[in-house]
>>> print(open('final12.txt').read())   # compact mmCIF, N, CA and C atoms
# COMPACT_ATOMS: atom_id res chain seq x y z
N MET A 7 116.95 135.75 33.58
CA MET A 7 117.17 135.08 32.30
C MET A 7 116.69 136.01 31.19
N ASP A 8 117.57 136.27 30.26
CA ASP A 8 117.23 137.16 29.15
C ASP A 8 117.14 136.38 27.84
N SER A 9 116.98 137.12 26.74
CA SER A 9 116.78 136.46 25.44
C SER A 9 118.01 135.67 25.00
N ILE A 10 119.20 136.10 25.36
CA ILE A 10 120.41 135.36 24.99
C ILE A 10 120.46 134.03 25.75
N ASP A 11 120.13 134.05 27.04
CA ASP A 11 120.08 132.80 27.81
C ASP A 11 119.06 131.85 27.20
N ARG A 12 117.93 132.38 26.78
CA ARG A 12 116.90 131.54 26.16
C ARG A 12 117.40 130.94 24.84
N LYS A 13 118.17 131.71 24.09
CA LYS A 13 118.76 131.18 22.84
C LYS A 13 119.74 130.05 23.14
N ILE A 14 120.55 130.22 24.17
CA ILE A 14 121.50 129.17 24.57
C ILE A 14 120.74 127.90 24.91
N ILE A 15 119.71 128.03 25.73
CA ILE A 15 118.92 126.86 26.14
C ILE A 15 118.25 126.21 24.93
N ALA A 16 117.68 127.01 24.05
CA ALA A 16 117.01 126.47 22.86
C ALA A 16 118.00 125.71 21.99
N ALA A 17 119.18 126.29 21.78
CA ALA A 17 120.19 125.64 20.93
C ALA A 17 120.64 124.32 21.54
N LEU A 18 120.86 124.30 22.85
CA LEU A 18 121.33 123.08 23.50
C LEU A 18 120.25 122.01 23.60
N GLN A 19 118.99 122.43 23.67
CA GLN A 19 117.91 121.44 23.66
C GLN A 19 117.82 120.76 22.30
N GLN A 20 118.15 121.47 21.26
CA GLN A 20 118.15 120.88 19.93
C GLN A 20 119.36 119.99 19.70
N ASP A 21 120.53 120.40 20.25
CA ASP A 21 121.75 119.63 20.07
C ASP A 21 122.67 119.87 21.25
N GLY A 22 122.61 118.97 22.22
CA GLY A 22 123.42 119.09 23.44
C GLY A 22 124.89 118.84 23.23
N ARG A 23 125.27 118.43 22.02
CA ARG A 23 126.68 118.15 21.73
C ARG A 23 127.38 119.31 21.03
N LEU A 24 126.72 120.46 20.94
CA LEU A 24 127.36 121.62 20.32
C LEU A 24 128.63 121.98 21.08
N SER A 25 129.68 122.27 20.34
CA SER A 25 130.88 122.78 20.99
C SER A 25 130.60 124.21 21.42
N LEU A 26 131.43 124.74 22.28
CA LEU A 26 131.26 126.11 22.73
C LEU A 26 131.35 127.07 21.55
N THR A 27 132.24 126.80 20.63
CA THR A 27 132.40 127.64 19.44
C THR A 27 131.14 127.60 18.58
N GLU A 28 130.59 126.40 18.37
CA GLU A 28 129.36 126.27 17.58
C GLU A 28 128.19 126.98 18.27
N LEU A 29 128.13 126.83 19.59
CA LEU A 29 127.06 127.49 20.35
C LEU A 29 127.18 129.00 20.23
N ALA A 30 128.38 129.54 20.39
CA ALA A 30 128.60 130.99 20.27
C ALA A 30 128.20 131.49 18.88
N ASP A 31 128.57 130.73 17.85
CA ASP A 31 128.19 131.10 16.48
C ASP A 31 126.67 131.11 16.32
N ARG A 32 126.03 130.09 16.87
CA ARG A 32 124.58 129.95 16.70
C ARG A 32 123.81 131.09 17.38
N ILE A 33 124.29 131.52 18.54
CA ILE A 33 123.57 132.58 19.25
C ILE A 33 124.13 133.97 18.93
N GLN A 34 125.16 133.99 18.10
CA GLN A 34 125.80 135.23 17.63
C GLN A 34 126.33 136.07 18.79
N LEU A 35 127.17 135.39 19.58
CA LEU A 35 127.84 136.04 20.71
C LEU A 35 129.27 135.53 20.72
N SER A 36 130.19 136.32 21.23
CA SER A 36 131.58 135.86 21.26
C SER A 36 131.75 134.73 22.28
N LEU A 37 132.90 134.07 22.18
CA LEU A 37 133.16 132.86 22.96
C LEU A 37 133.12 133.08 24.47
N SER A 38 133.82 134.09 24.97
CA SER A 38 133.91 134.30 26.43
C SER A 38 132.55 134.57 27.08
N PRO A 39 131.75 135.50 26.55
CA PRO A 39 130.43 135.71 27.16
C PRO A 39 129.52 134.48 27.05
N THR A 40 129.64 133.75 25.93
CA THR A 40 128.85 132.53 25.79
C THR A 40 129.24 131.53 26.87
N HIS A 41 130.53 131.36 27.08
CA HIS A 41 131.02 130.43 28.10
C HIS A 41 130.55 130.85 29.49
N ARG A 42 130.65 132.13 29.80
CA ARG A 42 130.21 132.64 31.11
C ARG A 42 128.72 132.37 31.32
N ARG A 43 127.93 132.67 30.30
CA ARG A 43 126.48 132.48 30.41
C ARG A 43 126.13 131.00 30.55
N LEU A 44 126.80 130.15 29.78
CA LEU A 44 126.55 128.71 29.86
C LEU A 44 126.87 128.20 31.26
N ARG A 45 128.00 128.57 31.81
CA ARG A 45 128.38 128.13 33.16
C ARG A 45 127.38 128.61 34.20
N GLU A 46 126.87 129.83 34.04
CA GLU A 46 125.88 130.36 34.98
C GLU A 46 124.56 129.61 34.86
N LEU A 47 124.15 129.27 33.64
CA LEU A 47 122.93 128.47 33.46
C LEU A 47 123.08 127.09 34.11
N GLU A 48 124.26 126.52 34.01
CA GLU A 48 124.52 125.22 34.65
C GLU A 48 124.56 125.37 36.17
N ARG A 49 125.24 126.40 36.66
CA ARG A 49 125.37 126.62 38.10
C ARG A 49 124.00 126.88 38.75
N SER A 50 123.16 127.64 38.06
CA SER A 50 121.85 127.99 38.62
C SER A 50 120.86 126.83 38.58
N GLY A 51 121.18 125.80 37.79
CA GLY A 51 120.27 124.66 37.67
C GLY A 51 119.30 124.79 36.51
N ALA A 52 119.36 125.90 35.76
CA ALA A 52 118.49 126.03 34.58
C ALA A 52 118.82 124.92 33.58
N ILE A 53 120.11 124.62 33.43
CA ILE A 53 120.54 123.45 32.67
C ILE A 53 121.00 122.44 33.70
N ARG A 54 120.25 121.34 33.81
CA ARG A 54 120.52 120.36 34.86
C ARG A 54 121.51 119.29 34.45
N ASN A 55 121.51 118.93 33.16
CA ASN A 55 122.30 117.77 32.77
C ASN A 55 122.41 117.72 31.25
N TYR A 56 123.29 116.88 30.77
CA TYR A 56 123.41 116.59 29.35
C TYR A 56 123.32 115.08 29.21
N ARG A 57 122.59 114.61 28.19
CA ARG A 57 122.46 113.18 28.01
C ARG A 57 122.08 112.85 26.58
N ALA A 58 122.26 111.60 26.24
CA ALA A 58 121.83 111.12 24.93
C ALA A 58 120.37 110.68 25.02
N VAL A 59 119.60 110.92 24.00
CA VAL A 59 118.23 110.44 23.93
C VAL A 59 118.28 109.13 23.14
N VAL A 60 117.96 108.03 23.81
CA VAL A 60 118.10 106.70 23.23
C VAL A 60 116.74 106.19 22.77
N ASP A 61 116.71 105.58 21.61
CA ASP A 61 115.49 104.97 21.08
C ASP A 61 115.25 103.66 21.82
N PRO A 62 114.17 103.56 22.61
CA PRO A 62 113.91 102.33 23.37
C PRO A 62 113.85 101.08 22.49
N GLN A 63 113.26 101.19 21.31
CA GLN A 63 113.16 100.04 20.40
C GLN A 63 114.54 99.51 20.02
N ALA A 64 115.49 100.43 19.82
CA ALA A 64 116.83 100.05 19.39
C ALA A 64 117.58 99.26 20.46
N VAL A 65 117.17 99.42 21.72
CA VAL A 65 117.84 98.70 22.81
C VAL A 65 116.94 97.61 23.40
N GLY A 66 115.92 97.21 22.63
CA GLY A 66 115.09 96.06 23.02
C GLY A 66 113.99 96.35 24.02
N LEU A 67 113.66 97.62 24.25
CA LEU A 67 112.57 97.95 25.16
C LEU A 67 111.36 98.34 24.31
N THR A 68 110.63 97.32 23.88
CA THR A 68 109.57 97.52 22.89
C THR A 68 108.18 97.66 23.50
N PHE A 69 108.07 97.55 24.81
CA PHE A 69 106.77 97.59 25.47
C PHE A 69 106.73 98.77 26.43
N GLU A 70 105.68 99.58 26.34
CA GLU A 70 105.55 100.74 27.23
C GLU A 70 104.15 100.80 27.79
N ALA A 71 104.07 101.10 29.08
CA ALA A 71 102.77 101.24 29.73
C ALA A 71 102.77 102.49 30.60
N LEU A 72 101.59 103.07 30.73
CA LEU A 72 101.36 104.14 31.70
C LEU A 72 100.59 103.50 32.84
N VAL A 73 101.10 103.66 34.04
CA VAL A 73 100.50 103.01 35.20
C VAL A 73 99.99 104.09 36.15
N PHE A 74 98.70 104.04 36.43
CA PHE A 74 98.08 104.98 37.36
C PHE A 74 97.99 104.28 38.71
N VAL A 75 98.55 104.90 39.74
CA VAL A 75 98.62 104.27 41.06
C VAL A 75 97.82 105.09 42.06
N THR A 76 96.95 104.41 42.80
CA THR A 76 96.23 105.01 43.90
C THR A 76 96.74 104.36 45.19
N LEU A 77 97.08 105.20 46.16
CA LEU A 77 97.59 104.71 47.44
C LEU A 77 96.45 104.53 48.44
N ARG A 78 96.66 103.63 49.40
CA ARG A 78 95.69 103.40 50.47
C ARG A 78 95.50 104.65 51.31
N GLN A 79 96.61 105.31 51.59
CA GLN A 79 96.58 106.53 52.40
C GLN A 79 97.69 107.44 51.90
N ALA A 80 97.54 108.74 52.17
CA ALA A 80 98.49 109.70 51.64
C ALA A 80 99.25 110.42 52.74
N ASP A 81 99.58 109.68 53.81
CA ASP A 81 100.39 110.30 54.86
C ASP A 81 101.84 110.42 54.40
N GLN A 82 102.60 111.27 55.07
CA GLN A 82 103.97 111.55 54.64
C GLN A 82 104.85 110.31 54.57
N ALA A 83 104.75 109.45 55.54
CA ALA A 83 105.60 108.25 55.56
C ALA A 83 105.30 107.35 54.36
N THR A 84 104.03 107.17 54.03
CA THR A 84 103.65 106.33 52.89
C THR A 84 104.13 106.95 51.58
N LEU A 85 103.91 108.26 51.43
CA LEU A 85 104.36 108.93 50.21
C LEU A 85 105.87 108.81 50.03
N ARG A 86 106.61 109.05 51.09
CA ARG A 86 108.08 108.96 51.01
C ARG A 86 108.53 107.54 50.67
N ALA A 87 107.91 106.55 51.33
CA ALA A 87 108.30 105.16 51.09
C ALA A 87 107.95 104.74 49.67
N PHE A 88 106.77 105.13 49.19
CA PHE A 88 106.36 104.80 47.83
C PHE A 88 107.33 105.43 46.83
N GLU A 89 107.62 106.71 46.99
CA GLU A 89 108.49 107.42 46.05
C GLU A 89 109.92 106.86 46.08
N ALA A 90 110.40 106.49 47.24
CA ALA A 90 111.73 105.87 47.34
C ALA A 90 111.74 104.53 46.61
N GLY A 91 110.67 103.76 46.75
CA GLY A 91 110.57 102.48 46.06
C GLY A 91 110.53 102.65 44.55
N VAL A 92 109.78 103.63 44.09
CA VAL A 92 109.68 103.89 42.65
C VAL A 92 111.05 104.25 42.08
N ARG A 93 111.80 105.07 42.81
CA ARG A 93 113.14 105.47 42.33
C ARG A 93 114.07 104.27 42.14
N MET A 94 113.82 103.19 42.83
CA MET A 94 114.68 102.00 42.76
C MET A 94 114.34 101.09 41.58
N ILE A 95 113.21 101.31 40.93
CA ILE A 95 112.78 100.44 39.83
C ILE A 95 113.25 101.04 38.51
N GLU A 96 114.24 100.42 37.91
CA GLU A 96 114.87 100.91 36.70
C GLU A 96 113.91 101.07 35.52
N SER A 97 112.92 100.22 35.44
CA SER A 97 111.97 100.26 34.32
C SER A 97 111.02 101.44 34.39
N VAL A 98 110.93 102.09 35.54
CA VAL A 98 110.10 103.30 35.66
C VAL A 98 110.97 104.46 35.18
N ILE A 99 110.63 104.98 33.99
CA ILE A 99 111.47 106.04 33.42
C ILE A 99 110.92 107.43 33.69
N GLU A 100 109.69 107.53 34.15
CA GLU A 100 109.10 108.79 34.60
C GLU A 100 108.10 108.47 35.68
N ALA A 101 107.99 109.38 36.64
CA ALA A 101 106.99 109.23 37.69
C ALA A 101 106.54 110.61 38.13
N GLN A 102 105.24 110.82 38.16
CA GLN A 102 104.69 112.08 38.61
C GLN A 102 103.66 111.86 39.70
N ARG A 103 103.69 112.72 40.70
CA ARG A 103 102.63 112.73 41.71
C ARG A 103 101.55 113.67 41.19
N LEU A 104 100.31 113.23 41.26
CA LEU A 104 99.19 113.97 40.70
C LEU A 104 98.29 114.52 41.79
N PHE A 105 97.53 115.55 41.46
CA PHE A 105 96.45 116.01 42.33
C PHE A 105 95.26 115.11 42.10
N GLY A 106 94.52 114.79 43.14
CA GLY A 106 93.31 113.99 42.99
C GLY A 106 93.61 112.51 42.86
N ASP A 107 92.70 111.81 42.21
CA ASP A 107 92.80 110.37 42.05
C ASP A 107 93.02 110.06 40.59
N PRO A 108 94.00 109.34 40.21
CA PRO A 108 94.96 108.58 41.00
C PRO A 108 96.03 109.49 41.60
N ASP A 109 96.85 108.90 42.47
CA ASP A 109 97.89 109.66 43.15
C ASP A 109 99.16 109.82 42.31
N TYR A 110 99.48 108.83 41.49
CA TYR A 110 100.72 108.83 40.72
C TYR A 110 100.50 108.33 39.31
N LEU A 111 101.34 108.81 38.40
CA LEU A 111 101.42 108.29 37.04
C LEU A 111 102.85 107.85 36.82
N LEU A 112 103.02 106.59 36.43
CA LEU A 112 104.34 106.03 36.15
C LEU A 112 104.41 105.68 34.67
N ARG A 113 105.54 106.01 34.05
CA ARG A 113 105.80 105.58 32.67
C ARG A 113 106.83 104.47 32.77
N VAL A 114 106.47 103.32 32.24
CA VAL A 114 107.26 102.10 32.42
C VAL A 114 107.62 101.53 31.05
N VAL A 115 108.88 101.11 30.89
CA VAL A 115 109.29 100.41 29.66
C VAL A 115 109.88 99.05 30.03
N THR A 116 109.55 98.05 29.22
CA THR A 116 110.11 96.70 29.39
C THR A 116 110.32 96.10 28.00
N ALA A 117 110.90 94.92 27.98
CA ALA A 117 111.16 94.24 26.70
C ALA A 117 109.88 93.79 26.03
N ASP A 118 108.91 93.33 26.81
CA ASP A 118 107.68 92.79 26.22
C ASP A 118 106.61 92.69 27.29
N LEU A 119 105.45 92.18 26.91
CA LEU A 119 104.31 92.04 27.83
C LEU A 119 104.65 91.13 29.00
N ALA A 120 105.33 90.02 28.74
CA ALA A 120 105.68 89.09 29.82
C ALA A 120 106.58 89.77 30.86
N ALA A 121 107.54 90.56 30.39
CA ALA A 121 108.43 91.28 31.31
C ALA A 121 107.64 92.31 32.11
N TYR A 122 106.68 92.98 31.47
CA TYR A 122 105.85 93.94 32.18
C TYR A 122 104.99 93.23 33.24
N ALA A 123 104.42 92.10 32.89
CA ALA A 123 103.59 91.35 33.85
C ALA A 123 104.42 90.98 35.08
N ARG A 124 105.65 90.51 34.86
CA ARG A 124 106.53 90.19 36.00
C ARG A 124 106.83 91.43 36.83
N LEU A 125 107.12 92.53 36.16
CA LEU A 125 107.41 93.77 36.86
C LEU A 125 106.22 94.20 37.72
N GLN A 126 105.04 94.14 37.14
CA GLN A 126 103.85 94.55 37.89
C GLN A 126 103.60 93.62 39.08
N ASP A 127 103.69 92.31 38.84
CA ASP A 127 103.42 91.35 39.91
C ASP A 127 104.46 91.37 41.01
N GLU A 128 105.74 91.51 40.65
CA GLU A 128 106.82 91.37 41.63
C GLU A 128 107.30 92.68 42.23
N GLU A 129 107.22 93.78 41.47
CA GLU A 129 107.80 95.02 41.99
C GLU A 129 106.77 96.13 42.19
N LEU A 130 106.00 96.44 41.16
CA LEU A 130 105.06 97.56 41.28
C LEU A 130 104.01 97.31 42.35
N SER A 131 103.41 96.13 42.34
CA SER A 131 102.36 95.84 43.33
C SER A 131 102.91 95.73 44.74
N ALA A 132 104.23 95.53 44.87
CA ALA A 132 104.85 95.42 46.20
C ALA A 132 105.29 96.77 46.76
N LEU A 133 105.11 97.84 46.00
CA LEU A 133 105.50 99.16 46.50
C LEU A 133 104.65 99.52 47.72
N PRO A 134 105.23 100.24 48.67
CA PRO A 134 104.50 100.59 49.89
C PRO A 134 103.23 101.40 49.62
N GLY A 135 102.15 101.00 50.25
CA GLY A 135 100.92 101.78 50.22
C GLY A 135 100.02 101.61 49.03
N VAL A 136 100.36 100.75 48.08
CA VAL A 136 99.56 100.63 46.86
C VAL A 136 98.20 100.02 47.16
N LEU A 137 97.16 100.73 46.78
CA LEU A 137 95.79 100.22 46.88
C LEU A 137 95.35 99.65 45.54
N ARG A 138 95.62 100.42 44.45
CA ARG A 138 95.13 100.02 43.13
C ARG A 138 96.10 100.53 42.06
N MET A 139 96.25 99.73 41.02
CA MET A 139 97.03 100.13 39.84
C MET A 139 96.17 99.88 38.60
N ASP A 140 96.12 100.87 37.74
CA ASP A 140 95.46 100.73 36.45
C ASP A 140 96.49 101.04 35.38
N SER A 141 96.61 100.16 34.41
CA SER A 141 97.61 100.35 33.35
C SER A 141 96.93 100.55 32.01
N THR A 142 97.57 101.32 31.18
CA THR A 142 97.15 101.46 29.80
C THR A 142 98.40 101.35 28.95
N LEU A 143 98.29 100.71 27.81
CA LEU A 143 99.43 100.47 26.96
C LEU A 143 99.62 101.62 25.97
N VAL A 144 100.86 101.97 25.73
CA VAL A 144 101.17 103.03 24.77
C VAL A 144 101.20 102.41 23.38
N MET A 145 100.36 102.92 22.51
CA MET A 145 100.29 102.42 21.15
C MET A 145 101.34 103.10 20.27
N LYS A 146 101.47 104.44 20.43
CA LYS A 146 102.35 105.19 19.55
C LYS A 146 102.66 106.53 20.20
N HIS A 147 103.88 107.01 20.03
CA HIS A 147 104.26 108.34 20.51
C HIS A 147 103.96 109.37 19.42
N ILE A 148 103.23 110.39 19.79
CA ILE A 148 102.93 111.47 18.86
C ILE A 148 103.93 112.61 19.07
N VAL A 149 104.16 112.98 20.33
CA VAL A 149 105.14 113.99 20.70
C VAL A 149 105.99 113.36 21.80
N SER A 150 107.30 113.42 21.63
CA SER A 150 108.19 112.79 22.60
C SER A 150 109.49 113.59 22.69
N ASP A 151 109.97 113.79 23.89
CA ASP A 151 111.24 114.48 24.12
C ASP A 151 111.30 115.83 23.44
N ARG A 152 110.20 116.55 23.42
CA ARG A 152 110.15 117.87 22.81
C ARG A 152 110.88 118.86 23.70
N PRO A 153 111.67 119.76 23.10
CA PRO A 153 112.31 120.80 23.91
C PRO A 153 111.26 121.67 24.60
N LEU A 154 111.61 122.24 25.73
CA LEU A 154 110.71 123.16 26.43
C LEU A 154 110.48 124.39 25.57
N PRO A 155 109.29 124.99 25.65
CA PRO A 155 109.04 126.21 24.89
C PRO A 155 109.93 127.35 25.40
N GLN A 156 110.20 128.32 24.56
CA GLN A 156 111.09 129.42 24.92
C GLN A 156 110.39 130.50 25.73
N SER A 157 109.11 130.49 25.82
CA SER A 157 108.41 131.58 26.52
C SER A 157 108.45 131.42 28.01
>>> encode(input="final12.txt", output="structure tokens")
Amino acid sequence: MDSIDRKIIAALQQDGRLSLTELADRIQLSLSPTHRRLRELERSGAIRNYRAVVDPQAVGLTFEALVFVTLRQADQATLRAFEAGVRMIESVIEAQRLFGDPDYLLRVVTADLAAYARLQDEELSALPGVLRMDSTLVMKHIVSDRPLPQS
């Protein structure tokens, strides 16, 4: 990956709807090489997908919680089952496995506190291997959906 590839990635992180012509103009490269480089970035997986960034409030998802999950045991079968279960819960919009305790961090969005309580009682607590869940509520986003640094 060279500086031109990094420029392509930076431009598309700012505006994923750029036409190929606009992208070529922005990175100051002709159309054909820009197209070749873009396709290679997509093929290699450096660019994984294109999507719209939606404001949760605008679609009625006004409640957000960070859920720290500790599992009873960390054997392979439990980890796989827990992760498969998490993938099935639509309200979990991010999930990370952590080193140490807790084992996982889940970012969850729902319409309101009552919807979150139902989700926790009916789905999150029923995930395989859960020993303990600690939640904290998100008050405000300071940095969100920031493009990756170019370095």
>>> select_by_dssp(input="final12.txt", residues="stretch 84-136 of chain A", states="strand (DSSP E or B)", output="MDAnalysis selection string")
chainID A and resid 98:103 110:116 136
>>> write_last_selection(input="final12.txt", atoms="N, CA and C atoms", output="PDB file, in the coordinates of the input")
ATOM      1  N   VAL A  98     110.930 102.090  35.540  1.00  0.00           N
ATOM      2  CA  VAL A  98     110.100 103.300  35.660  1.00  0.00           C
ATOM      3  C   VAL A  98     110.970 104.460  35.180  1.00  0.00           C
ATOM      4  N   ILE A  99     110.630 104.980  33.990  1.00  0.00           N
ATOM      5  CA  ILE A  99     111.470 106.040  33.420  1.00  0.00           C
ATOM      6  C   ILE A  99     110.920 107.430  33.690  1.00  0.00           C
ATOM      7  N   GLU A 100     109.690 107.530  34.150  1.00  0.00           N
ATOM      8  CA  GLU A 100     109.100 108.790  34.600  1.00  0.00           C
ATOM      9  C   GLU A 100     108.100 108.470  35.680  1.00  0.00           C
ATOM     10  N   ALA A 101     107.990 109.380  36.640  1.00  0.00           N
ATOM     11  CA  ALA A 101     106.990 109.230  37.690  1.00  0.00           C
ATOM     12  C   ALA A 101     106.540 110.610  38.130  1.00  0.00           C
ATOM     13  N   GLN A 102     105.240 110.820  38.160  1.00  0.00           N
ATOM     14  CA  GLN A 102     104.690 112.080  38.610  1.00  0.00           C
ATOM     15  C   GLN A 102     103.660 111.860  39.700  1.00  0.00           C
ATOM     16  N   ARG A 103     103.690 112.720  40.700  1.00  0.00           N
ATOM     17  CA  ARG A 103     102.630 112.730  41.710  1.00  0.00           C
ATOM     18  C   ARG A 103     101.550 113.670  41.190  1.00  0.00           C
ATOM     19  N   TYR A 110      99.480 108.830  41.490  1.00  0.00           N
ATOM     20  CA  TYR A 110     100.720 108.830  40.720  1.00  0.00           C
ATOM     21  C   TYR A 110     100.500 108.330  39.310  1.00  0.00           C
ATOM     22  N   LEU A 111     101.340 108.810  38.400  1.00  0.00           N
ATOM     23  CA  LEU A 111     101.420 108.290  37.040  1.00  0.00           C
ATOM     24  C   LEU A 111     102.850 107.850  36.820  1.00  0.00           C
ATOM     25  N   LEU A 112     103.020 106.590  36.430  1.00  0.00           N
ATOM     26  CA  LEU A 112     104.340 106.030  36.150  1.00  0.00           C
ATOM     27  C   LEU A 112     104.410 105.680  34.670  1.00  0.00           C
ATOM     28  N   ARG A 113     105.540 106.010  34.050  1.00  0.00           N
ATOM     29  CA  ARG A 113     105.800 105.580  32.670  1.00  0.00           C
ATOM     30  C   ARG A 113     106.830 104.470  32.770  1.00  0.00           C
ATOM     31  N   VAL A 114     106.470 103.320  32.240  1.00  0.00           N
ATOM     32  CA  VAL A 114     107.260 102.100  32.420  1.00  0.00           C
ATOM     33  C   VAL A 114     107.620 101.530  31.050  1.00  0.00           C
ATOM     34  N   VAL A 115     108.880 101.110  30.890  1.00  0.00           N
ATOM     35  CA  VAL A 115     109.290 100.410  29.660  1.00  0.00           C
ATOM     36  C   VAL A 115     109.880  99.050  30.030  1.00  0.00           C
ATOM     37  N   THR A 116     109.550  98.050  29.220  1.00  0.00           N
ATOM     38  CA  THR A 116     110.110  96.700  29.390  1.00  0.00           C
ATOM     39  C   THR A 116     110.320  96.100  28.000  1.00  0.00           C
ATOM     40  N   VAL A 136     100.360 100.750  48.080  1.00  0.00           N
ATOM     41  CA  VAL A 136      99.560 100.630  46.860  1.00  0.00           C
ATOM     42  C   VAL A 136      98.200 100.020  47.160  1.00  0.00           C
TER      43      VAL A 136
END
>>> atom_distance(input="final12.txt", atom1="atom CA of A:Ala80", atom2="atom C of A:Glu129")
18.5 Å
>>> closest_residue(input="final12.txt", among="A:Glu70, A:Asp81, A:Asp109, A:Glu89", to="A:Leu143", atoms="only C-alpha atoms")
A:Glu70
>>> axis_aligned_box(input="final12.txt", around="stretch 90-94 of chain A", padding_each_side="5 Å", output="AutoDock Vina command-line options")
--center_x 112.2 --center_y 103.8 --center_z 44.5 --size_x 15.0 --size_y 15.4 --size_z 15.8
>>> select_by_dssp(input="final12.txt", residues="stretch 75-113 of chain A", states="helix (DSSP H, G or I)", output="list of chain:residue names")
A:Gln82, A:Ala83, A:Thr84, A:Leu85, A:Arg86, A:Ala87, A:Phe88, A:Glu89, A:Ala90, A:Gly91, A:Val92, A:Arg93
>>> residues_around(input="final12.txt", residues="stretch 114-128 of chain A", least_positions_apart="6", cutoff="6.5 Å", atoms="all atoms listed in the file", output="number ranges by chain")
A: 66-73, 97-100
>>> closest_residue(input="final12.txt", among="A:Arg32, A:Leu133, A:Arg23, A:Leu44", to="A:Arg57", atoms="all atoms listed in the file")
A:Arg23
>>> atom_distance(input="final12.txt", atom1="atom CA of A:Ile148", atom2="atom C of A:Val75")
24.6 Å
>>> atom_distance(input="final12.txt", atom1="atom CA of A:Ser157", atom2="atom C of A:Pro108")
29.5 Å
>>> closest_residue(input="final12.txt", among="A:Met94, A:Ala64, A:Ile53, A:Leu111", to="A:Gly22", atoms="only C-alpha atoms")
A:Ile53
>>> closest_residue(input="final12.txt", among="A:Leu77, A:Val92, A:Leu154, A:Ala87", to="A:Leu137", atoms="only C-alpha atoms")
A:Leu77
>>> closest_residue(input="final12.txt", among="A:Ala58, A:Ile15, A:Ile95, A:Leu112", to="A:Asp151", atoms="only C-alpha atoms")
A:Ala58
>>> closest_residue(input="final12.txt", among="A:Leu104, A:Gln19, A:Ser131, A:Lys146", to="A:Asn55", atoms="only C-alpha atoms")
A:Gln19
